[in-house]
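Report on one structure; see the data block that follows.
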Amino acid sequence: MNIPRHWARATADVRDPGGRELELAAWGWSAANRGEAERKARERLDAMIARVRQGAPLPHGYGYGTRALREEIVQELAGPDGAAAGIVTRNGYGALVLNTARTMFVDVDLPEPPGALRRLFGGGAGAEAEVLGRLRQTLHAHSIGSFRVYRTAAGFRVLATDPLFTPGSPEAEGLMIALGADPAFVKLCRAQQSFRARLTPKPWRCERRPPPSQHPREDPGTRQAFATWLADYDAVCRTKATCRFVEAVGGTRVHREAAPLLDLHDRATRAGEPLPLA
């Protein structure tokens, strides 16, 4: 799994050919050590400086699905062979995410109805039944495996409990696309060499703001502000579920590597509790 443990930031002020002064910042990352992350940050910053001095435009945005995600590692889970089977991270808006080496998760959103219909009828039970039926049909047609289907606030989540899949493989991506996964999510799983499933609610669905800072939080004041935010977020999360178990498709087999990840997922998402989804 391509989930770096170490992050470093490099900054510089530079003037473009027109005399405009810009403040530049670049992040570097490493699975090995802080020093390597600092070196990569400086290399990326030097490349940005060269572009500015040449009058070339800087890359726009973060490049979702093309670069490592800057997320705090909260927990690691080893598989039966001792290798990492899962890593829990905290994403940019503060939710916990389960990243898995070979246990596949696929989130599929319901289609958004036109504005007038949404105001009159909400999301629509018909659309929900239609998507669930399509998921069942696709799972039966594309695989002989066992899957669990969950309802989420925005649609459905599919968890492959047996067999295991390799992120980025034709088999995994073919099934993800057939199920209706967001292409950006498929690309991210390939780049990160892992599958992803959000474990805790999105803050705004609990009437909360995202955290006041991003990882890594290196000064005491930033860490204290985040700790205060986190205590409030954890408290409100106890009143919500992230998904709700609907049914098993293709049997109930659970691969031994997937078993502890399934247990963690269902406990953390509160998938068996009658709580509002968020």
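Chain labels A, B, ... are given in the sequence in which chains occur in the structure tokens; within each chain residues are numbered consecutively from 1, and ligands are likewise numbered from 1 in the order shown.
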Test item, strand (DSSP E or B) assignment across segment 209-248 of chain A, answer as a PDB file with all heavy atoms, in the first residue's frame:
ATOM      1  N   ALA A 241     -24.392   6.520  11.982  1.00  0.00           N
ATOM      2  CA  ALA A 241     -23.745   5.369  11.353  1.00  0.00           C
ATOM      3  C   ALA A 241     -23.241   5.794   9.984  1.00  0.00           C
ATOM      4  O   ALA A 241     -23.816   6.684   9.350  1.00  0.00           O
ATOM      5  CB  ALA A 241     -24.716   4.200  11.213  1.00  0.00           C
ATOM      6  N   CYS A 243     -22.641   3.428   7.470  1.00  0.00           N
ATOM      7  CA  CYS A 243     -23.366   2.571   6.529  1.00  0.00           C
ATOM      8  C   CYS A 243     -24.186   1.562   7.309  1.00  0.00           C
ATOM      9  O   CYS A 243     -24.000   1.393   8.521  1.00  0.00           O
ATOM     10  CB  CYS A 243     -22.411   1.880   5.540  1.00  0.00           C
ATOM     11  SG  CYS A 243     -21.215   0.772   6.301  1.00  0.00           S
ATOM     12  N   ARG A 244     -25.129   0.907   6.615  1.00  0.00           N
ATOM     13  CA  ARG A 244     -26.001  -0.076   7.256  1.00  0.00           C
ATOM     14  C   ARG A 244     -26.016  -1.344   6.403  1.00  0.00           C
ATOM     15  O   ARG A 244     -26.228  -1.290   5.184  1.00  0.00           O
ATOM     16  CB  ARG A 244     -27.421   0.484   7.379  1.00  0.00           C
ATOM     17  CG  ARG A 244     -28.402  -0.451   8.079  1.00  0.00           C
ATOM     18  CD  ARG A 244     -29.762   0.192   8.209  1.00  0.00           C
ATOM     19  NE  ARG A 244     -29.693   1.451   8.947  1.00  0.00           N
ATOM     20  CZ  ARG A 244     -29.986   2.639   8.434  1.00  0.00           C
ATOM     21  NH1 ARG A 244     -30.388   2.728   7.159  1.00  0.00           N
ATOM     22  NH2 ARG A 244     -29.889   3.727   9.157  1.00  0.00           N
ATOM     23  N   PHE A 245     -25.750  -2.488   7.028  1.00  0.00           N
ATOM     24  CA  PHE A 245     -25.723  -3.745   6.288  1.00  0.00           C
ATOM     25  C   PHE A 245     -27.086  -4.047   5.679  1.00  0.00           C
ATOM     26  O   PHE A 245     -28.119  -3.921   6.338  1.00  0.00           O
ATOM     27  CB  PHE A 245     -25.307  -4.902   7.203  1.00  0.00           C
ATOM     28  CG  PHE A 245     -25.333  -6.239   6.529  1.00  0.00           C
ATOM     29  CD1 PHE A 245     -24.445  -6.545   5.519  1.00  0.00           C
ATOM     30  CD2 PHE A 245     -26.278  -7.193   6.894  1.00  0.00           C
ATOM     31  CE1 PHE A 245     -24.472  -7.775   4.878  1.00  0.00           C
ATOM     32  CE2 PHE A 245     -26.317  -8.423   6.268  1.00  0.00           C
ATOM     33  CZ  PHE A 245     -25.411  -8.715   5.261  1.00  0.00           C
ATOM     34  N   VAL A 246     -27.076  -4.436   4.396  1.00  0.00           N
ATOM     35  CA  VAL A 246     -28.311  -4.741   3.679  1.00  0.00           C
ATOM     36  C   VAL A 246     -28.443  -6.243   3.444  1.00  0.00           C
ATOM     37  O   VAL A 246     -29.436  -6.864   3.846  1.00  0.00           O
ATOM     38  CB  VAL A 246     -28.358  -3.987   2.327  1.00  0.00           C
ATOM     39  CG1 VAL A 246     -29.614  -4.376   1.539  1.00  0.00           C
ATOM     40  CG2 VAL A 246     -28.329  -2.484   2.550  1.00  0.00           C
ATOM     41  N   GLU A 247     -27.438  -6.850   2.792  1.00  0.00           N
ATOM     42  CA  GLU A 247     -27.544  -8.264   2.465  1.00  0.00           C
ATOM     43  C   GLU A 247     -26.205  -8.812   2.000  1.00  0.00           C
ATOM     44  O   GLU A 247     -25.289  -8.053   1.642  1.00  0.00           O
ATOM     45  CB  GLU A 247     -28.576  -8.479   1.353  1.00  0.00           C
ATOM     46  CG  GLU A 247     -28.190  -7.847   0.019  1.00  0.00           C
ATOM     47  CD  GLU A 247     -29.273  -7.994  -1.026  1.00  0.00           C
ATOM     48  OE1 GLU A 247     -30.455  -7.867  -0.673  1.00  0.00           O
ATOM     49  OE2 GLU A 247     -28.934  -8.236  -2.201  1.00  0.00           O
ATOM     50  N   ALA A 248     -26.100 -10.129   2.001  1.00  0.00           N
ATOM     51  CA  ALA A 248     -24.957 -10.825   1.420  1.00  0.00           C
ATOM     52  C   ALA A 248     -25.347 -11.321   0.039  1.00  0.00           C
ATOM     53  O   ALA A 248     -26.483 -11.748  -0.180  1.00  0.00           O
ATOM     54  CB  ALA A 248     -24.530 -11.986   2.302  1.00  0.00           C
TER      55      ALA A 248
END
So which residues of segment 20-127 of chain A fall under alpha helix (DSSP H) by DSSP, listed as a ChimeraX atom specification? /A:34-54,115-121,125-127
Determine, counting only C-alpha atoms, which protein, DNA and RNA residues have an atom within 10 Å of an atom of Met48 of chain A; residues of the same chain fewer than 6 positions away are not included. Present the result as a list in words.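 Listing them by chain and then by number gives Ala12, Val14, Leu24, Ala25, Ala26, Arg42, Gln54, Ala56, Pro57, Leu58 and Pro59 of chain A.
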Requested write-out: N, CA, C and O atoms of the selected residues, as a JSON list (two decimals), in the first residue's frame:
[["chain", "number", "residue", "atom", "x", "y", "z"],
["A", 12, "ALA", "N", 9.48, 28.69, -0.29],
["A", 12, "ALA", "CA", 10.41, 29.69, -0.84],
["A", 12, "ALA", "C", 9.61, 30.83, -1.46],
["A", 12, "ALA", "O", 8.47, 30.65, -1.90],
["A", 14, "VAL", "N", 9.76, 33.53, -4.65],
["A", 14, "VAL", "CA", 10.43, 33.62, -5.94],
["A", 14, "VAL", "C", 9.71, 34.65, -6.80],
["A", 14, "VAL", "O", 8.49, 34.84, -6.67],
["A", 24, "LEU", "N", 5.85, 30.03, -2.62],
["A", 24, "LEU", "CA", 5.69, 28.65, -3.07],
["A", 24, "LEU", "C", 5.85, 27.68, -1.90],
["A", 24, "LEU", "O", 6.61, 27.94, -0.96],
["A", 25, "ALA", "N", 5.12, 26.58, -1.96],
["A", 25, "ALA", "CA", 5.25, 25.52, -0.96],
["A", 25, "ALA", "C", 5.08, 24.17, -1.66],
["A", 25, "ALA", "O", 4.25, 24.04, -2.56],
["A", 26, "ALA", "N", 5.89, 23.22, -1.25],
["A", 26, "ALA", "CA", 5.82, 21.87, -1.83],
["A", 26, "ALA", "C", 5.95, 20.84, -0.72],
["A", 26, "ALA", "O", 6.73, 21.02, 0.22],
["A", 42, "ARG", "N", 12.16, 19.30, -1.24],
["A", 42, "ARG", "CA", 13.05, 20.29, -1.83],
["A", 42, "ARG", "C", 13.15, 20.11, -3.34],
["A", 42, "ARG", "O", 13.16, 21.10, -4.10],
["A", 54, "GLN", "N", 10.86, 30.63, -15.39],
["A", 54, "GLN", "CA", 10.74, 30.52, -16.84],
["A", 54, "GLN", "C", 9.44, 31.12, -17.36],
["A", 54, "GLN", "O", 9.23, 31.18, -18.57],
["A", 56, "ALA", "N", 6.53, 29.74, -16.83],
["A", 56, "ALA", "CA", 5.60, 28.63, -17.10],
["A", 56, "ALA", "C", 4.55, 28.55, -15.98],
["A", 56, "ALA", "O", 4.84, 28.87, -14.83],
["A", 57, "PRO", "N", 3.33, 28.11, -16.29],
["A", 57, "PRO", "CA", 2.29, 28.00, -15.26],
["A", 57, "PRO", "C", 2.60, 26.84, -14.31],
["A", 57, "PRO", "O", 3.21, 25.84, -14.70],
["A", 58, "LEU", "N", 2.16, 26.99, -13.06],
["A", 58, "LEU", "CA", 2.31, 25.92, -12.08],
["A", 58, "LEU", "C", 1.17, 24.93, -12.23],
["A", 58, "LEU", "O", 0.07, 25.29, -12.67],
["A", 59, "PRO", "N", 1.39, 23.67, -11.86],
["A", 59, "PRO", "CA", 0.30, 22.69, -11.90],
["A", 59, "PRO", "C", -0.86, 23.17, -11.02],
["A", 59, "PRO", "O", -0.65, 23.73, -9.95]]
Of the listed residues A:Pro111, A:Gly168, A:Pro260, A:Gly82, that which approaches Gly126 of chain A most closely, counting only C-alpha atoms: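 Looking at the shortest contact to Gly126 of chain A, the residue is A:Pro111.
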Between atom CA of Gly92 of chain A and atom CA of Arg238 of chain A, what is the distance, to one decimal in Å?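 Atom-to-atom, atom CA of Gly92 of chain A and atom CA of Arg238 of chain A are spaced 20.3 Å apart.
The neighbours of Ala101 of chain A here are the residues that come within 8 Å of it, using only C-alpha atoms and leaving out any residue fewer than 2 positions away in the same chain; they are Met1, Ala84, Ala85, Gly86, Asn99, Thr103, Thr166, Pro167, Gln193, Ser194 and Phe195 of chain A.
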Residues as selected, all heavy atoms, written as a PDB file, in the first residue's frame, can you do that?
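Here's the written file again_7.pdb:
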ATOM      1  N   MET A   1       0.845  -1.190   0.000  1.00  0.00           N
ATOM      2  CA  MET A   1       0.000   0.000   0.000  1.00  0.00           C
ATOM      3  C   MET A   1       0.878   1.237   0.000  1.00  0.00           C
ATOM      4  O   MET A   1       1.819   1.344   0.799  1.00  0.00           O
ATOM      5  CB  MET A   1      -0.926  -0.012   1.221  1.00  0.00           C
ATOM      6  CG  MET A   1      -2.022  -1.067   1.131  1.00  0.00           C
ATOM      7  SD  MET A   1      -3.167  -1.038   2.541  1.00  0.00           S
ATOM      8  CE  MET A   1      -2.140  -1.827   3.785  1.00  0.00           C
ATOM      9  N   ALA A  84       1.179  -6.094   5.967  1.00  0.00           N
ATOM     10  CA  ALA A  84       0.091  -5.157   6.250  1.00  0.00           C
ATOM     11  C   ALA A  84      -1.128  -5.497   5.407  1.00  0.00           C
ATOM     12  O   ALA A  84      -1.049  -5.572   4.185  1.00  0.00           O
ATOM     13  CB  ALA A  84       0.533  -3.732   5.972  1.00  0.00           C
ATOM     14  N   ALA A  85      -2.263  -5.738   6.059  1.00  0.00           N
ATOM     15  CA  ALA A  85      -3.514  -6.014   5.355  1.00  0.00           C
ATOM     16  C   ALA A  85      -4.428  -4.806   5.338  1.00  0.00           C
ATOM     17  O   ALA A  85      -5.269  -4.669   4.462  1.00  0.00           O
ATOM     18  CB  ALA A  85      -4.228  -7.192   6.010  1.00  0.00           C
ATOM     19  N   GLY A  86      -4.258  -3.916   6.310  1.00  0.00           N
ATOM     20  CA  GLY A  86      -5.099  -2.734   6.386  1.00  0.00           C
ATOM     21  C   GLY A  86      -4.418  -1.621   7.157  1.00  0.00           C
ATOM     22  O   GLY A  86      -3.619  -1.883   8.073  1.00  0.00           O
ATOM     23  N   ASN A  99      -7.946   1.640   4.686  1.00  0.00           N
ATOM     24  CA  ASN A  99      -7.245   1.330   3.444  1.00  0.00           C
ATOM     25  C   ASN A  99      -6.825  -0.134   3.506  1.00  0.00           C
ATOM     26  O   ASN A  99      -6.221  -0.568   4.495  1.00  0.00           O
ATOM     27  CB  ASN A  99      -5.997   2.203   3.300  1.00  0.00           C
ATOM     28  CG  ASN A  99      -6.315   3.684   3.411  1.00  0.00           C
ATOM     29  OD1 ASN A  99      -6.528   4.348   2.424  1.00  0.00           O
ATOM     30  ND2 ASN A  99      -6.339   4.207   4.638  1.00  0.00           N
ATOM     31  N   THR A 103      -8.543  -6.483   0.274  1.00  0.00           N
ATOM     32  CA  THR A 103      -9.976  -6.607   0.540  1.00  0.00           C
ATOM     33  C   THR A 103     -10.678  -5.436  -0.131  1.00  0.00           C
ATOM     34  O   THR A 103     -10.495  -4.288   0.267  1.00  0.00           O
ATOM     35  CB  THR A 103     -10.255  -6.608   2.051  1.00  0.00           C
ATOM     36  OG1 THR A 103      -9.579  -7.729   2.648  1.00  0.00           O
ATOM     37  CG2 THR A 103     -11.744  -6.717   2.327  1.00  0.00           C
ATOM     38  N   THR A 166      -6.471  -7.591  -6.240  1.00  0.00           N
ATOM     39  CA  THR A 166      -5.274  -6.746  -6.286  1.00  0.00           C
ATOM     40  C   THR A 166      -5.650  -5.379  -6.827  1.00  0.00           C
ATOM     41  O   THR A 166      -6.177  -5.282  -7.941  1.00  0.00           O
ATOM     42  CB  THR A 166      -4.195  -7.379  -7.182  1.00  0.00           C
ATOM     43  OG1 THR A 166      -3.844  -8.664  -6.651  1.00  0.00           O
ATOM     44  CG2 THR A 166      -2.951  -6.494  -7.235  1.00  0.00           C
ATOM     45  N   PRO A 167      -5.403  -4.300  -6.064  1.00  0.00           N
ATOM     46  CA  PRO A 167      -5.724  -2.963  -6.568  1.00  0.00           C
ATOM     47  C   PRO A 167      -5.011  -2.685  -7.893  1.00  0.00           C
ATOM     48  O   PRO A 167      -3.834  -2.987  -8.055  1.00  0.00           O
ATOM     49  CB  PRO A 167      -5.190  -2.042  -5.464  1.00  0.00           C
ATOM     50  CG  PRO A 167      -5.153  -2.891  -4.239  1.00  0.00           C
ATOM     51  CD  PRO A 167      -4.829  -4.275  -4.710  1.00  0.00           C
ATOM     52  N   GLN A 193      -2.418   1.841  -4.460  1.00  0.00           N
ATOM     53  CA  GLN A 193      -2.241   0.394  -4.319  1.00  0.00           C
ATOM     54  C   GLN A 193      -3.027  -0.142  -3.126  1.00  0.00           C
ATOM     55  O   GLN A 193      -2.553  -0.980  -2.361  1.00  0.00           O
ATOM     56  CB  GLN A 193      -0.761   0.046  -4.190  1.00  0.00           C
ATOM     57  CG  GLN A 193       0.079   0.459  -5.399  1.00  0.00           C
ATOM     58  CD  GLN A 193       1.560   0.333  -5.156  1.00  0.00           C
ATOM     59  OE1 GLN A 193       2.013  -0.527  -4.396  1.00  0.00           O
ATOM     60  NE2 GLN A 193       2.335   1.193  -5.789  1.00  0.00           N
ATOM     61  N   SER A 194      -4.230   0.362  -2.983  1.00  0.00           N
ATOM     62  CA  SER A 194      -5.101  -0.094  -1.897  1.00  0.00           C
ATOM     63  C   SER A 194      -6.538   0.278  -2.227  1.00  0.00           C
ATOM     64  O   SER A 194      -6.804   1.127  -3.074  1.00  0.00           O
ATOM     65  CB  SER A 194      -4.691   0.541  -0.563  1.00  0.00           C
ATOM     66  OG  SER A 194      -4.884   1.942  -0.602  1.00  0.00           O
ATOM     67  N   PHE A 195      -7.464  -0.374  -1.546  1.00  0.00           N
ATOM     68  CA  PHE A 195      -8.868  -0.009  -1.610  1.00  0.00           C
ATOM     69  C   PHE A 195      -9.185   0.862  -0.385  1.00  0.00           C
ATOM     70  O   PHE A 195      -8.457   0.827   0.611  1.00  0.00           O
ATOM     71  CB  PHE A 195      -9.748  -1.253  -1.630  1.00  0.00           C
ATOM     72  CG  PHE A 195      -9.443  -2.178  -2.782  1.00  0.00           C
ATOM     73  CD1 PHE A 195      -8.755  -3.363  -2.581  1.00  0.00           C
ATOM     74  CD2 PHE A 195      -9.824  -1.865  -4.075  1.00  0.00           C
ATOM     75  CE1 PHE A 195      -8.451  -4.218  -3.632  1.00  0.00           C
ATOM     76  CE2 PHE A 195      -9.529  -2.707  -5.141  1.00  0.00           C
ATOM     77  CZ  PHE A 195      -8.844  -3.878  -4.916  1.00  0.00           C
TER      78      PHE A 195
END
Applying 9 Å and only C-alpha atoms, which residues near segment 206-213 of chain A remain after dropping the ones on its own chain fewer than 5 positions away? List them as JSON, numbers by chain. {"A": [92, 93, 94, 95, 201, 222, 223, 225, 226, 229, 230, 232, 233, 236, 237, 239, 240, 278]}
